[in-house]
Amino acid sequence: MNIDSIRNGIVIDHIRAGRGMEIYRLLNLEQLDCSVALIKNAPSQKMGRKDIIKIDQNLEIDFDALAYFDPDITVNVIREGKLVEKRRPELPERITNIIRCKNPRCITTTEQELDNIFVLADREKRVYRCLYCEGKAN
């Protein structure tokens with residue numbers, strides 16, 4: 001398989017194998033007008049297998065939200081064919097409209113226009129709780 005290198009864009013690397021499509025959907029990458037490559041189950045010395053997403057365009061995205069889905073992700077920014085920045089996103093204190101509250105009694109269930117906001121309750125265990133009902137995120 002041959003995936004061309006990107007000249008200007010972003011590479012999301014070290015995605016746990018099988019989670020790449022979930023991140024692809026989360027970032028709404030299907031709506032982009034540029035080349036996007038999702039590589040699944042690529043061999044990795046460190047992880048055994050991993051997924052990689054290459055986006056041939058610079059995007060304004062809150063990459064820290066990605067740490068909610070996979071804490072080992074790295075984000076590489078490429079300009080003029082060279083790596084200019086390598087980031088490890090950290091768990092954000094708050095995530096908005098990325099996950100939905102599962103509690104049927106939560107106000108977000110009946111009030112559809114309300115944002116689904118979750119607040120980091122325990123950084124070590126990666127636990128988020130709904131801002132409105134304190135229900136635990138799955």
# chains A, B, ... in the order shown; residues from 1 in each chain; ligands from 1
call {"tool": "select_by_dssp", "arguments": {"residues": "chain A", "states": "helix (DSSP H, G or I)", "output": "PyMOL selection string"}}
result
chain A and resi 20-26+29-31+63-69+107-110
call {"tool": "select_by_dssp", "arguments": {"residues": "region 7-105 of chain A", "states": "strand (DSSP E)", "output": "PyMOL selection string"}}
result
chain A and resi 9-16+36-44+48-55+74-79+82-87+94-96
call {"tool": "write_last_selection", "arguments": {"atoms": "C-alpha atoms", "output": "PDB file, in the first residue's frame"}}
result
ATOM      1  CA  GLY A   9      -1.621  19.233   7.089  1.00  0.00           C
ATOM      2  CA  ILE A  10      -2.032  17.093  10.157  1.00  0.00           C
ATOM      3  CA  VAL A  11      -1.186  13.512  11.049  1.00  0.00           C
ATOM      4  CA  ILE A  12      -3.026  11.998  13.989  1.00  0.00           C
ATOM      5  CA  ASP A  13      -0.844   9.116  15.089  1.00  0.00           C
ATOM      6  CA  HIS A  14      -0.766   6.427  17.781  1.00  0.00           C
ATOM      7  CA  ILE A  15      -4.518   5.875  17.693  1.00  0.00           C
ATOM      8  CA  ARG A  16      -5.434   2.628  19.395  1.00  0.00           C
ATOM      9  CA  VAL A  36      -7.885  12.252   4.088  1.00  0.00           C
ATOM     10  CA  ALA A  37      -6.280   8.864   4.673  1.00  0.00           C
ATOM     11  CA  LEU A  38      -7.401   6.508   7.428  1.00  0.00           C
ATOM     12  CA  ILE A  39      -4.882   3.744   7.928  1.00  0.00           C
ATOM     13  CA  LYS A  40      -6.145   0.919  10.108  1.00  0.00           C
ATOM     14  CA  ASN A  41      -4.082  -1.709  11.897  1.00  0.00           C
ATOM     15  CA  ALA A  42      -0.703  -0.336  10.835  1.00  0.00           C
ATOM     16  CA  PRO A  43       2.215  -2.181  12.453  1.00  0.00           C
ATOM     17  CA  SER A  44       3.753  -0.361  15.427  1.00  0.00           C
ATOM     18  CA  GLY A  48       1.710  -3.683  18.181  1.00  0.00           C
ATOM     19  CA  ARG A  49      -0.971  -2.242  15.889  1.00  0.00           C
ATOM     20  CA  LYS A  50      -2.295   1.297  15.527  1.00  0.00           C
ATOM     21  CA  ASP A  51      -4.505   3.509  13.374  1.00  0.00           C
ATOM     22  CA  ILE A  52      -3.299   6.705  11.692  1.00  0.00           C
ATOM     23  CA  ILE A  53      -5.254   9.582  10.126  1.00  0.00           C
ATOM     24  CA  LYS A  54      -3.553  11.879   7.590  1.00  0.00           C
ATOM     25  CA  ILE A  55      -5.326  15.119   6.690  1.00  0.00           C
ATOM     26  CA  THR A  74      -0.121  12.308  19.087  1.00  0.00           C
ATOM     27  CA  VAL A  75      -0.900  15.147  16.680  1.00  0.00           C
ATOM     28  CA  ASN A  76       1.797  16.108  14.169  1.00  0.00           C
ATOM     29  CA  VAL A  77       1.543  19.383  12.249  1.00  0.00           C
ATOM     30  CA  ILE A  78       3.262  19.319   8.843  1.00  0.00           C
ATOM     31  CA  ARG A  79       4.211  22.455   6.878  1.00  0.00           C
ATOM     32  CA  LYS A  82       8.389  19.060   7.450  1.00  0.00           C
ATOM     33  CA  LEU A  83       7.236  18.288  10.972  1.00  0.00           C
ATOM     34  CA  VAL A  84       6.870  21.657  12.745  1.00  0.00           C
ATOM     35  CA  GLU A  85       4.934  20.635  15.842  1.00  0.00           C
ATOM     36  CA  LYS A  86       4.259  17.426  17.737  1.00  0.00           C
ATOM     37  CA  ARG A  87       1.611  17.494  20.446  1.00  0.00           C
ATOM     38  CA  ARG A  94     -14.625  20.135  29.933  1.00  0.00           C
ATOM     39  CA  ILE A  95     -15.947  18.581  26.734  1.00  0.00           C
ATOM     40  CA  THR A  96     -18.960  19.930  24.880  1.00  0.00           C
TER      41      THR A  96
END
call {"tool": "closest_atom_pairs", "arguments": {"of": "region 57-92 of chain A", "to": "region 112-126 of chain A", "cutoff": "10 Å", "atoms": "only C-alpha atoms", "output": "Markdown table"}}
result
| residue | atom | partner | partner_atom | distance |
| --- | --- | --- | --- | --- |
| A:Ala67 | CA | A:Arg126 | CA | 9.6 |
| A:Tyr68 | CA | A:Arg126 | CA | 7.6 |
| A:Phe69 | CA | A:Arg126 | CA | 9.9 |
| A:Pro71 | CA | A:Arg126 | CA | 9.2 |
| A:Glu90 | CA | A:Arg123 | CA | 10.0 |
| A:Leu91 | CA | A:Arg123 | CA | 7.5 |
| A:Pro92 | CA | A:Leu120 | CA | 7.2 |
call {"tool": "atom_distance", "arguments": {"atom1": "CA of Ala65 (chain A)", "atom2": "CA of Thr108 (chain A)"}}
result
20.1 Å
call {"tool": "residues_around", "arguments": {"residues": "Asp33 (chain A)", "least_positions_apart": "2", "cutoff": "12 Å", "atoms": "only C-alpha atoms", "output": "list of chain:residue names"}}
result
A:Asn28, A:Leu29, A:Glu30, A:Gln31, A:Ser35, A:Val36, A:Ile55, A:Asp56, A:Gln57, A:Asn58, A:Leu59
call {"tool": "closest_residue", "arguments": {"among": "A:Glu111, A:Cys34, A:Arg19, A:Cys106", "to": "Ile73 (chain A)", "atoms": "only C-alpha atoms"}}
result
A:Arg19
call {"tool": "atom_distance", "arguments": {"atom1": "CA of Arg88 (chain A)", "atom2": "CA of Asn8 (chain A)"}}
result
19.2 Å
call {"tool": "closest_residue", "arguments": {"among": "A:Asn138, A:Cys133, A:Tyr128, A:Gly81", "to": "Arg105 (chain A)", "atoms": "only C-alpha atoms"}}
result
A:Cys133
